[in-house]
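S.K.: What follows is input-v2.pdb; its format and atoms are PDB, C-alpha atoms and all ligand atoms.
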```
ATOM      1  CA  MET S 206     -12.753  36.188  -8.302
ATOM      2  CA  SER S 207     -12.090  38.552 -11.204
ATOM      3  CA  GLU S 208      -8.952  38.127 -13.293
ATOM      4  CA  ALA S 209      -7.769  41.606 -12.366
ATOM      5  CA  THR S 210      -7.370  40.739  -8.663
ATOM      6  CA  THR S 211      -4.296  38.957  -7.368
ATOM      7  CA  PRO S 212      -5.401  35.410  -6.552
ATOM      8  CA  ARG S 213      -5.663  34.533  -2.902
ATOM      9  CA  VAL S 214      -3.299  31.844  -1.705
ATOM     10  CA  ALA S 215      -4.297  28.372  -0.525
ATOM     11  CA  VAL S 216      -1.997  25.798   1.067
ATOM     12  CA  VAL S 217      -2.730  22.091   0.757
ATOM     13  CA  THR S 218      -0.552  19.575   2.634
ATOM     14  CA  GLY S 219       0.031  16.059   1.341
ATOM     15  CA  ALA S 220      -0.907  17.344  -2.103
ATOM     16  CA  ALA S 221       1.471  15.241  -4.224
ATOM     17  CA  ARG S 222      -1.293  12.692  -4.782
ATOM     18  CA  GLY S 223      -4.681  11.386  -3.748
ATOM     19  CA  ILE S 224      -7.187  13.630  -1.978
ATOM     20  CA  GLY S 225      -4.622  16.420  -1.518
ATOM     21  CA  ALA S 226      -3.831  16.581  -5.246
ATOM     22  CA  ALA S 227      -7.532  16.648  -6.199
ATOM     23  CA  THR S 228      -8.143  19.362  -3.598
ATOM     24  CA  ALA S 229      -5.239  21.470  -4.878
ATOM     25  CA  LEU S 230      -6.640  21.222  -8.404
ATOM     26  CA  ARG S 231     -10.110  22.117  -7.265
ATOM     27  CA  LEU S 232      -8.969  25.164  -5.265
ATOM     28  CA  ALA S 233      -6.922  26.318  -8.273
ATOM     29  CA  ALA S 234     -10.058  26.020 -10.415
ATOM     30  CA  ASP S 235     -11.854  28.101  -7.767
ATOM     31  CA  GLY S 236      -9.309  30.881  -8.397
ATOM     32  CA  TYR S 237      -6.707  30.303  -5.697
ATOM     33  CA  ALA S 238      -2.952  30.286  -6.231
ATOM     34  CA  VAL S 239      -2.073  26.965  -4.601
ATOM     35  CA  ALA S 240       0.957  25.956  -2.564
ATOM     36  CA  VAL S 241       1.339  22.216  -3.098
ATOM     37  CA  LEU S 242       3.080  20.855  -0.006
ATOM     38  CA  ASP S 243       4.399  17.339   0.516
ATOM     39  CA  LEU S 244       7.395  15.525   1.993
ATOM     40  CA  ASP S 245       9.172  15.555  -1.360
ATOM     41  CA  ALA S 246       8.830  18.698  -3.516
ATOM     42  CA  GLU S 247       9.664  16.700  -6.673
ATOM     43  CA  ALA S 248       6.704  14.414  -6.034
ATOM     44  CA  CYS S 249       4.472  17.524  -6.291
ATOM     45  CA  ALA S 250       5.467  18.144  -9.930
ATOM     46  CA  GLY S 251       2.437  16.296 -11.334
ATOM     47  CA  THR S 252      -0.032  18.314  -9.251
ATOM     48  CA  VAL S 253       1.696  21.599 -10.137
ATOM     49  CA  ALA S 254       1.717  20.711 -13.851
ATOM     50  CA  ALA S 255      -1.989  19.778 -13.787
ATOM     51  CA  ILE S 256      -2.840  23.112 -12.154
ATOM     52  CA  GLU S 257      -0.739  25.050 -14.660
ATOM     53  CA  GLU S 258      -2.345  23.137 -17.540
ATOM     54  CA  GLN S 259      -5.760  24.343 -16.407
ATOM     55  CA  GLY S 260      -4.420  27.923 -16.338
ATOM     56  CA  GLY S 261      -3.785  28.178 -12.594
ATOM     57  CA  ARG S 262      -0.795  29.132 -10.487
ATOM     58  CA  ALA S 263       0.960  26.643  -8.196
ATOM     59  CA  LEU S 264       4.153  26.230  -6.211
ATOM     60  CA  ALA S 265       5.693  22.986  -4.940
ATOM     61  CA  VAL S 266       7.134  23.205  -1.428
ATOM     62  CA  ALA S 267       8.748  20.427   0.617
ATOM     63  CA  VAL S 268       7.553  20.033   4.191
ATOM     64  CA  ASP S 269       7.402  17.514   6.958
ATOM     65  CA  VAL S 270       4.257  18.733   8.693
ATOM     66  CA  SER S 271       5.228  16.978  11.931
ATOM     67  CA  ASP S 272       8.414  19.053  12.256
ATOM     68  CA  GLY S 273       8.173  22.600  13.623
ATOM     69  CA  ASP S 274      11.235  24.013  11.836
ATOM     70  CA  SER S 275      10.195  22.455   8.539
ATOM     71  CA  VAL S 276       6.706  23.944   8.851
ATOM     72  CA  THR S 277       8.110  27.403   9.649
ATOM     73  CA  ALA S 278      10.420  27.257   6.610
ATOM     74  CA  ALA S 279       7.696  25.959   4.281
ATOM     75  CA  VAL S 280       5.156  28.624   5.247
ATOM     76  CA  ALA S 281       7.846  31.320   4.897
ATOM     77  CA  ALA S 282       8.602  30.031   1.377
ATOM     78  CA  VAL S 283       4.906  30.168   0.478
ATOM     79  CA  VAL S 284       4.590  33.747   1.771
ATOM     80  CA  GLU S 285       7.689  34.854  -0.117
ATOM     81  CA  GLN S 286       7.018  33.110  -3.428
ATOM     82  CA  LEU S 287       3.232  33.019  -3.661
ATOM     83  CA  GLY S 288       1.835  35.335  -0.992
ATOM     84  CA  ALA S 289       0.274  35.089   2.477
ATOM     85  CA  PRO S 290      -2.027  32.061   2.772
ATOM     86  CA  VAL S 291      -5.708  32.540   3.619
ATOM     87  CA  VAL S 292      -6.784  28.935   3.043
ATOM     88  CA  LEU S 293      -5.146  25.926   4.707
ATOM     89  CA  VAL S 294      -6.119  22.323   4.074
ATOM     90  CA  ASN S 295      -4.549  19.954   6.603
ATOM     91  CA  ASN S 296      -4.608  16.821   4.493
ATOM     92  CA  ALA S 297      -1.190  15.132   4.917
ATOM     93  CA  GLY S 298      -1.602  11.712   6.441
ATOM     94  CA  ILE S 299      -0.201   8.249   6.987
ATOM     95  CA  THR S 300      -1.481   4.946   8.320
ATOM     96  CA  ARG S 301       0.428   2.500  10.504
ATOM     97  CA  ASP S 302      -2.341   0.000  11.137
ATOM     98  CA  ASN S 303      -2.095  -2.741  13.732
ATOM     99  CA  LEU S 304      -4.311  -4.375  16.304
ATOM    100  CA  LEU S 305      -3.859  -2.737  19.687
ATOM    101  CA  PHE S 306      -1.966  -5.639  21.281
ATOM    102  CA  LYS S 307       0.607  -5.554  18.473
ATOM    103  CA  MET S 308       0.810  -1.778  17.986
ATOM    104  CA  ASN S 309       4.198  -0.369  18.920
ATOM    105  CA  GLU S 310       4.898   3.120  20.237
ATOM    106  CA  ASN S 311       6.435   4.267  16.979
ATOM    107  CA  GLU S 312       3.257   3.312  15.086
ATOM    108  CA  TRP S 313       1.201   5.272  17.598
ATOM    109  CA  ASP S 314       3.495   8.332  17.671
ATOM    110  CA  SER S 315       4.118   8.651  13.938
ATOM    111  CA  VAL S 316       0.393   8.674  13.082
ATOM    112  CA  LEU S 317      -0.449  11.173  15.846
ATOM    113  CA  ASP S 318       2.540  13.296  14.802
ATOM    114  CA  VAL S 319       1.657  13.604  11.105
ATOM    115  CA  HIS S 320      -2.094  14.125  11.467
ATOM    116  CA  LEU S 321      -2.550  15.952  14.729
ATOM    117  CA  ARG S 322       0.760  17.625  15.512
ATOM    118  CA  GLY S 323       1.027  18.423  11.786
ATOM    119  CA  ALA S 324      -2.383  20.119  11.713
ATOM    120  CA  PHE S 325      -1.529  22.042  14.893
ATOM    121  CA  LEU S 326       1.830  23.265  13.550
ATOM    122  CA  MET S 327       0.476  24.199  10.115
ATOM    123  CA  SER S 328      -2.576  25.951  11.578
ATOM    124  CA  ARG S 329      -0.437  27.888  14.047
ATOM    125  CA  ALA S 330       1.948  28.986  11.284
ATOM    126  CA  CYS S 331      -0.811  30.026   8.840
ATOM    127  CA  GLN S 332      -3.328  31.619  11.210
ATOM    128  CA  GLN S 333      -1.260  34.766  11.701
ATOM    129  CA  HIS S 334      -1.638  35.584   7.998
ATOM    130  CA  MET S 335      -5.366  34.871   8.101
ATOM    131  CA  VAL S 336      -5.837  37.022  11.202
ATOM    132  CA  GLU S 337      -3.929  39.861   9.523
ATOM    133  CA  ALA S 338      -6.136  39.531   6.422
ATOM    134  CA  ARG S 339      -9.261  39.257   8.614
ATOM    135  CA  PHE S 340     -10.192  36.320   6.396
ATOM    136  CA  GLY S 341      -9.260  32.670   6.562
ATOM    137  CA  ARG S 342     -10.479  29.144   5.918
ATOM    138  CA  ILE S 343      -8.968  26.110   7.622
ATOM    139  CA  VAL S 344     -10.194  22.685   6.521
ATOM    140  CA  ASN S 345      -8.983  19.594   8.349
ATOM    141  CA  LEU S 346      -9.192  16.047   7.039
ATOM    142  CA  SER S 347     -10.823  13.782   9.591
ATOM    143  CA  SER S 348     -12.263  10.357   8.689
ATOM    144  CA  THR S 349     -15.129   7.984   9.422
ATOM    145  CA  ALA S 350     -12.399   6.166  11.377
ATOM    146  CA  ALA S 351     -12.876   8.865  14.051
ATOM    147  CA  LEU S 352     -15.939   6.808  15.027
ATOM    148  CA  GLY S 353     -13.700   3.769  15.640
ATOM    149  CA  ASN S 354     -12.087   1.269  13.281
ATOM    150  CA  ARG S 355     -10.519  -2.119  13.941
ATOM    151  CA  GLY S 356      -6.736  -2.054  13.534
ATOM    152  CA  GLN S 357      -6.583   1.734  13.632
ATOM    153  CA  ALA S 358      -6.410   2.816  17.297
ATOM    154  CA  ASN S 359      -3.727   5.377  16.386
ATOM    155  CA  TYR S 360      -5.482   6.672  13.254
ATOM    156  CA  SER S 361      -8.947   6.771  14.912
ATOM    157  CA  ALA S 362      -7.538   8.749  17.833
ATOM    158  CA  ALA S 363      -5.812  11.182  15.460
ATOM    159  CA  LYS S 364      -8.922  11.656  13.313
ATOM    160  CA  ALA S 365     -11.166  12.169  16.373
ATOM    161  CA  GLY S 366      -8.539  14.639  17.601
ATOM    162  CA  MET S 367      -8.804  16.534  14.315
ATOM    163  CA  GLN S 368     -12.471  17.152  15.105
ATOM    164  CA  GLY S 369     -11.708  18.614  18.549
ATOM    165  CA  LEU S 370      -8.925  20.742  17.081
ATOM    166  CA  THR S 371     -11.299  21.988  14.382
ATOM    167  CA  LYS S 372     -13.958  23.081  16.864
ATOM    168  CA  THR S 373     -11.415  24.878  19.051
ATOM    169  CA  LEU S 374      -9.879  26.690  16.061
ATOM    170  CA  ALA S 375     -13.401  27.761  15.098
ATOM    171  CA  ILE S 376     -13.994  29.191  18.579
ATOM    172  CA  GLU S 377     -10.631  30.980  18.834
ATOM    173  CA  LEU S 378     -10.379  32.346  15.301
ATOM    174  CA  GLY S 379     -13.989  33.160  14.455
ATOM    175  CA  GLN S 380     -13.679  36.756  15.635
ATOM    176  CA  PHE S 381     -10.988  37.322  12.988
ATOM    177  CA  GLY S 382     -13.084  36.133  10.052
ATOM    178  CA  VAL S 383     -11.409  32.727  10.072
ATOM    179  CA  THR S 384     -13.521  29.557   9.904
ATOM    180  CA  ALA S 385     -12.383  26.016  10.654
ATOM    181  CA  ASN S 386     -14.234  22.925   9.501
ATOM    182  CA  ALA S 387     -13.507  19.248   9.014
ATOM    183  CA  VAL S 388     -14.286  16.866   6.197
ATOM    184  CA  ALA S 389     -14.533  13.228   7.274
ATOM    185  CA  PRO S 390     -14.263  10.945   4.237
ATOM    186  CA  GLY S 391     -15.411   7.353   4.031
ATOM    187  CA  PHE S 392     -13.688   4.973   1.620
ATOM    188  CA  ILE S 393     -11.831   6.947  -1.064
ATOM    189  CA  VAL S 394      -9.794   5.297  -3.814
ATOM    190  CA  THR S 395      -6.175   6.369  -3.199
ATOM    191  CA  GLU S 396      -2.816   4.779  -2.409
ATOM    192  CA  MET S 397      -3.808   4.848   1.266
ATOM    193  CA  THR S 398      -6.784   2.502   0.760
ATOM    194  CA  ALA S 399      -4.736   0.404  -1.700
ATOM    195  CA  LYS S 400      -2.281  -0.188   1.162
ATOM    196  CA  THR S 401      -5.117  -1.157   3.504
ATOM    197  CA  ALA S 402      -6.332  -3.729   0.954
ATOM    198  CA  GLU S 403      -2.833  -5.180   0.899
ATOM    199  CA  ARG S 404      -2.758  -5.342   4.703
ATOM    200  CA  VAL S 405      -6.006  -7.309   4.890
ATOM    201  CA  GLY S 406      -4.890  -9.591   2.042
ATOM    202  CA  MET S 407      -7.489  -8.591  -0.580
ATOM    203  CA  SER S 408      -7.078  -7.364  -4.143
ATOM    204  CA  PHE S 409      -7.831  -3.647  -4.381
ATOM    205  CA  GLU S 410     -10.742  -4.407  -6.765
ATOM    206  CA  ASP S 411     -12.381  -6.855  -4.330
ATOM    207  CA  PHE S 412     -11.737  -4.475  -1.433
ATOM    208  CA  GLN S 413     -13.462  -1.634  -3.306
ATOM    209  CA  ALA S 414     -16.392  -3.865  -4.292
ATOM    210  CA  ALA S 415     -16.870  -4.926  -0.658
ATOM    211  CA  ALA S 416     -16.780  -1.285   0.511
ATOM    212  CA  ALA S 417     -19.241  -0.223  -2.215
ATOM    213  CA  ALA S 418     -21.687  -2.999  -1.262
ATOM    214  CA  LYS S 419     -21.791  -1.692   2.334
ATOM    215  CA  THR S 420     -22.288   1.937   1.224
ATOM    216  CA  PRO S 421     -25.826   3.313   0.705
ATOM    217  CA  VAL S 422     -24.933   5.024  -2.610
ATOM    218  CA  ARG S 423     -23.331   1.699  -3.710
ATOM    219  CA  ARG S 424     -20.014   3.088  -4.792
ATOM    220  CA  VAL S 425     -16.692   4.036  -3.259
ATOM    221  CA  GLY S 426     -15.544   7.644  -3.134
ATOM    222  CA  ARG S 427     -13.139   9.458  -5.415
ATOM    223  CA  PRO S 428     -10.654  12.158  -4.355
ATOM    224  CA  GLU S 429     -12.837  14.684  -6.255
ATOM    225  CA  ASP S 430     -15.775  13.901  -3.918
ATOM    226  CA  ILE S 431     -13.688  15.215  -1.033
ATOM    227  CA  ALA S 432     -12.187  18.133  -2.970
ATOM    228  CA  GLN S 433     -15.705  19.330  -3.667
ATOM    229  CA  ALA S 434     -16.578  19.406   0.050
ATOM    230  CA  VAL S 435     -13.327  21.207   0.915
ATOM    231  CA  SER S 436     -14.070  23.737  -1.814
ATOM    232  CA  PHE S 437     -17.421  24.520  -0.182
ATOM    233  CA  PHE S 438     -15.859  25.226   3.219
ATOM    234  CA  ALA S 439     -13.160  27.381   1.557
ATOM    235  CA  ARG S 440     -15.687  29.640  -0.135
ATOM    236  CA  GLU S 441     -16.015  33.224   0.990
ATOM    237  CA  GLU S 442     -19.809  32.705   1.168
ATOM    238  CA  ALA S 443     -19.377  29.893   3.723
ATOM    239  CA  GLY S 444     -18.304  32.367   6.421
ATOM    240  CA  PHE S 445     -21.152  31.470   8.806
ATOM    241  CA  VAL S 446     -20.327  27.752   8.681
ATOM    242  CA  THR S 447     -17.649  26.915  11.228
ATOM    243  CA  GLY S 448     -16.675  24.190  13.669
ATOM    244  CA  GLN S 449     -18.553  21.613  11.605
ATOM    245  CA  VAL S 450     -17.685  18.058  10.640
ATOM    246  CA  LEU S 451     -19.032  16.945   7.278
ATOM    247  CA  TYR S 452     -19.034  13.188   6.695
ATOM    248  CA  VAL S 453     -18.554  12.531   2.985
ATOM    249  CA  ALA S 454     -19.048   8.809   2.968
ATOM    250  CA  GLY S 455     -21.893   7.876   0.637
ATOM    251  CA  GLY S 456     -24.215   7.444   3.580
ATOM    252  CA  PRO S 457     -25.089   8.828   7.010
ATOM    253  CA  ARG S 458     -22.349   8.802   9.647
ATOM    254  CA  GLY S 459     -21.489  10.636  12.814
TER     255      GLY S 459
HETATM  256  P1  LIG X 501      -2.283   9.339   0.345
HETATM  257  O1  LIG X 501      -2.659   9.017  -1.047
HETATM  258  O2  LIG X 501      -1.488   8.364   1.126
HETATM  259  O3  LIG X 501      -1.565  10.781   0.338
HETATM  260  C1  LIG X 501      -1.086  11.345   1.524
HETATM  261  C2  LIG X 501       0.031  12.301   1.176
HETATM  262  O4  LIG X 501       0.520  12.868   2.412
HETATM  263  C3  LIG X 501       1.229  11.595   0.508
HETATM  264  O5  LIG X 501       1.664  12.305  -0.620
HETATM  265  C4  LIG X 501       2.268  11.592   1.627
HETATM  266  O6  LIG X 501       3.604  11.646   1.170
HETATM  267  C5  LIG X 501       1.933  12.879   2.357
HETATM  268  N1  LIG X 501       2.557  12.919   3.667
HETATM  269  C6  LIG X 501       2.718  11.889   4.551
HETATM  270  N2  LIG X 501       3.382  12.294   5.634
HETATM  271  C7  LIG X 501       3.667  13.606   5.466
HETATM  272  C8  LIG X 501       4.334  14.579   6.243
HETATM  273  N3  LIG X 501       4.878  14.272   7.433
HETATM  274  N4  LIG X 501       4.439  15.849   5.750
HETATM  275  C9  LIG X 501       3.907  16.159   4.545
HETATM  276  N5  LIG X 501       3.262  15.280   3.760
HETATM  277  C10 LIG X 501       3.135  14.001   4.211
HETATM  278  O7  LIG X 501      -3.581   9.629   1.253
HETATM  279  P2  LIG X 501      -5.097  10.041   0.868
HETATM  280  O8  LIG X 501      -5.887   8.799   0.838
HETATM  281  O9  LIG X 501      -5.099  10.973  -0.272
HETATM  282  O10 LIG X 501      -5.502  10.785   2.226
HETATM  283  C11 LIG X 501      -5.429  12.193   2.394
HETATM  284  C12 LIG X 501      -6.043  12.541   3.753
HETATM  285  O11 LIG X 501      -7.389  12.075   3.800
HETATM  286  C13 LIG X 501      -5.326  11.895   4.935
HETATM  287  O12 LIG X 501      -5.329  12.768   6.037
HETATM  288  C14 LIG X 501      -6.186  10.690   5.221
HETATM  289  O13 LIG X 501      -6.042  10.255   6.553
HETATM  290  C15 LIG X 501      -7.565  11.237   4.934
HETATM  291  N6  LIG X 501      -8.561  10.202   4.626
HETATM  292  C16 LIG X 501      -8.409   9.348   3.570
HETATM  293  C17 LIG X 501      -9.384   8.377   3.332
HETATM  294  C18 LIG X 501      -9.308   7.407   2.187
HETATM  295  O14 LIG X 501     -10.174   6.525   2.090
HETATM  296  N7  LIG X 501      -8.328   7.490   1.307
HETATM  297  C19 LIG X 501     -10.493   8.288   4.174
HETATM  298  C20 LIG X 501     -10.619   9.166   5.236
HETATM  299  C21 LIG X 501      -9.645  10.133   5.453
HETATM  300  P3  LIG X 501       4.471  10.264   1.030
HETATM  301  O15 LIG X 501       3.906   9.539  -0.104
HETATM  302  O16 LIG X 501       5.858  10.756   0.767
HETATM  303  O17 LIG X 501       4.311   9.532   2.330
END
```
Translate this structure into structure tokens?
M.R.:
Amino acid sequence: MSEATTPRVAVVTGAARGIGAATALRLAADGYAVAVLDLDAEACAGTVAAIEEQGGRALAVAVDVSDGDSVTAAVAAVVEQLGAPVVLVNNAGITRDNLLFKMNENEWDSVLDVHLRGAFLMSRACQQHMVEARFGRIVNLSSTAALGNRGQANYSAAKAGMQGLTKTLAIELGQFGVTANAVAPGFIVTEMTAKTAERVGMSFEDFQAAAAAKTPVRRVGRPEDIAQAVSFFAREEAGFVTGQVLYVAGGPRG
């Protein structure tokens, strides 16, 4: 992208920290103006500052991706203050782990609501701008948990659902120049996996070492490993790649 052109706009949800923050930084480095969305706009300050430090443009916007009105307002704010989005990364996520026999309905609903309903609402709100531009890139965060994971019936169902949503978006939106793909990370070092370590009663260091030992490349993943895969799907040149799920897990999956 040349400096003379107005940068295209990318939206990343759950971008205050972790994989979302690394992805926002990466897309900014790729030349996008980035809308940094999270539950609390103030929590996005670090990501926005890091993007501005590397010479990019960013805007913090508060959103609860599971709430229709909040999504409508957030996307309208992005359009008004940054421009119409042509890239959307559905990254916001939560875990509410429990074994099935102990899992309550709120744990089930809240995880499905943030991941799946959130990706639906954000995709529906952003696609109109992509269709108008005849160019768009939607990247959804799935997980190796889509293949099944003890204590994560809700999360596994949501992450498998993200893959079905991705393929359907690819089919419906392809004719408008819009692709949809999913990245399915393995173990990535973030607050989310730190919380899982706590739940299973291990130190985060021991938990990481155990995950690395089971991984063919013998290390755990970093948020940048995922940002790099998202960046590929977001590229203009990746226009013939759609409806795909890329496992980024240090070994074969899927
Ligand atoms: P993280 O560090 O927990 O960050 C998730 C971000 O999403 C947080 O800033 C969180 O805000 C935000 N968020 C939660 N609910 C939201 C909502 N309703 N609306 C808007 N933002 C919301 O997680 P991560 O590890 O970076 O994970 C990012 C994505 O990758 C998730 O979809 C996750 O399922 C997926 N993933 C992660 C791993 C891994 O190993 N870490 C593996 C596979 C897939 P609050 O802090 O305010 O809650």
S.K.: Using all atoms listed in the file, which residues of the polymer chains come no farther than 8 Å from ligand LIG 501 (chain X)? I'd like the answer as a PyMOL selection string.
M.R.: chain S and resi 218-226+242-245+248+267-272+295-300+318-320+323+346-350+360+364+389-398+426+428
S.K.: Using the chain letters and residue numbers of this document, give as a list in words the residues selected by the PyMOL selection byres (((chain S and resi 386) around 7) and not hetatm).
M.R.: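 Output from the PyMOL selection byres (((chain S and resi 386) around 7) and not hetatm), applied to this file: Ile343, Val344, Asn345, Thr371, Thr384, Ala385, Ala387, Val388, Phe438, Thr447, Gly448, Gln449 and Val450 of chain S.
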S.K.: Please report the interatomic distance between CA of Leu293 in chain S and CA of Ala215 in chain S in Å with one decimal.
M.R.: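 CA of Leu293 in chain S sits 5.8 Å away from CA of Ala215 in chain S.
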S.K.: From (-1.1, 17.6, -8.5), in the file's coordinates, out to 7 Å: which residues are reached, counting all atoms listed in the file? Answer as a ChimeraX atom specification.
M.R.: /S:220-222,226-227,229-230,249-256
S.K.: Write to file, as a PDB file, in the frame of the given file, the residues of the selection just made, with C-alpha atoms.
M.R.:
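Final output, part32.pdb:
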```pdb
ATOM      1  CA  ALA S 220      -0.907  17.344  -2.103  1.00  0.00           C
ATOM      2  CA  ALA S 221       1.471  15.241  -4.224  1.00  0.00           C
ATOM      3  CA  ARG S 222      -1.293  12.692  -4.782  1.00  0.00           C
ATOM      4  CA  ALA S 226      -3.831  16.581  -5.246  1.00  0.00           C
ATOM      5  CA  ALA S 227      -7.532  16.648  -6.199  1.00  0.00           C
ATOM      6  CA  ALA S 229      -5.239  21.470  -4.878  1.00  0.00           C
ATOM      7  CA  LEU S 230      -6.640  21.222  -8.404  1.00  0.00           C
ATOM      8  CA  CYS S 249       4.472  17.524  -6.291  1.00  0.00           C
ATOM      9  CA  ALA S 250       5.467  18.144  -9.930  1.00  0.00           C
ATOM     10  CA  GLY S 251       2.437  16.296 -11.334  1.00  0.00           C
ATOM     11  CA  THR S 252      -0.032  18.314  -9.251  1.00  0.00           C
ATOM     12  CA  VAL S 253       1.696  21.599 -10.137  1.00  0.00           C
ATOM     13  CA  ALA S 254       1.717  20.711 -13.851  1.00  0.00           C
ATOM     14  CA  ALA S 255      -1.989  19.778 -13.787  1.00  0.00           C
ATOM     15  CA  ILE S 256      -2.840  23.112 -12.154  1.00  0.00           C
TER      16      ILE S 256
END
```
S.K.: With all atoms listed in the file as the counted atoms, please give the residues lying no more than 9 Å from Leu326 in chain S, apart from itself and same-chain residues fewer than 2 positions off, as a list of chain:residue names.
M.R.: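 Near Leu326 in chain S, the qualifying residues are S:Val270, S:Ser271, S:Asp272, S:Gly273, S:Val276, S:Thr277, S:Leu321, S:Arg322, S:Gly323, S:Ala324, S:Ser328, S:Arg329, S:Ala330, S:Cys331.
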S.K.: Please indicate the distance in Å from CA of Trp313 in chain S to CA of Val425 in chain S, rounded to one decimal place.
M.R.: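 One can read the CA of Trp313 in chain S to CA of Val425 in chain S distance as 27.5 Å.
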S.K.: Choose the residue, out of S:Ala415, S:Leu317, S:Leu378, S:Val405, that has the smallest atom-to-atom separation from Ala365 in chain S; count only C-alpha atoms.
M.R.: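 Checking each of S:Ala415, S:Leu317, S:Leu378, S:Val405 against Ala365 in chain S, counting only C-alpha atoms, the winner is S:Leu317.
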S.K.: Specify as a list in words each residue included when the PyMOL selection byres (((chain S and resi 357) around 10) and not hetatm) is applied to this file.
M.R.: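 Taken over the shown coordinates, the PyMOL selection byres (((chain S and resi 357) around 10) and not hetatm) returns Thr300, Arg301, Asp302, Asn303, Leu304, Leu305, Met308, Trp313, Val316, Ala350, Ala351, Gly353, Asn354, Arg355, Gly356, Ala358, Asn359, Tyr360, Ser361, Ala362 and Ala363 of chain S.
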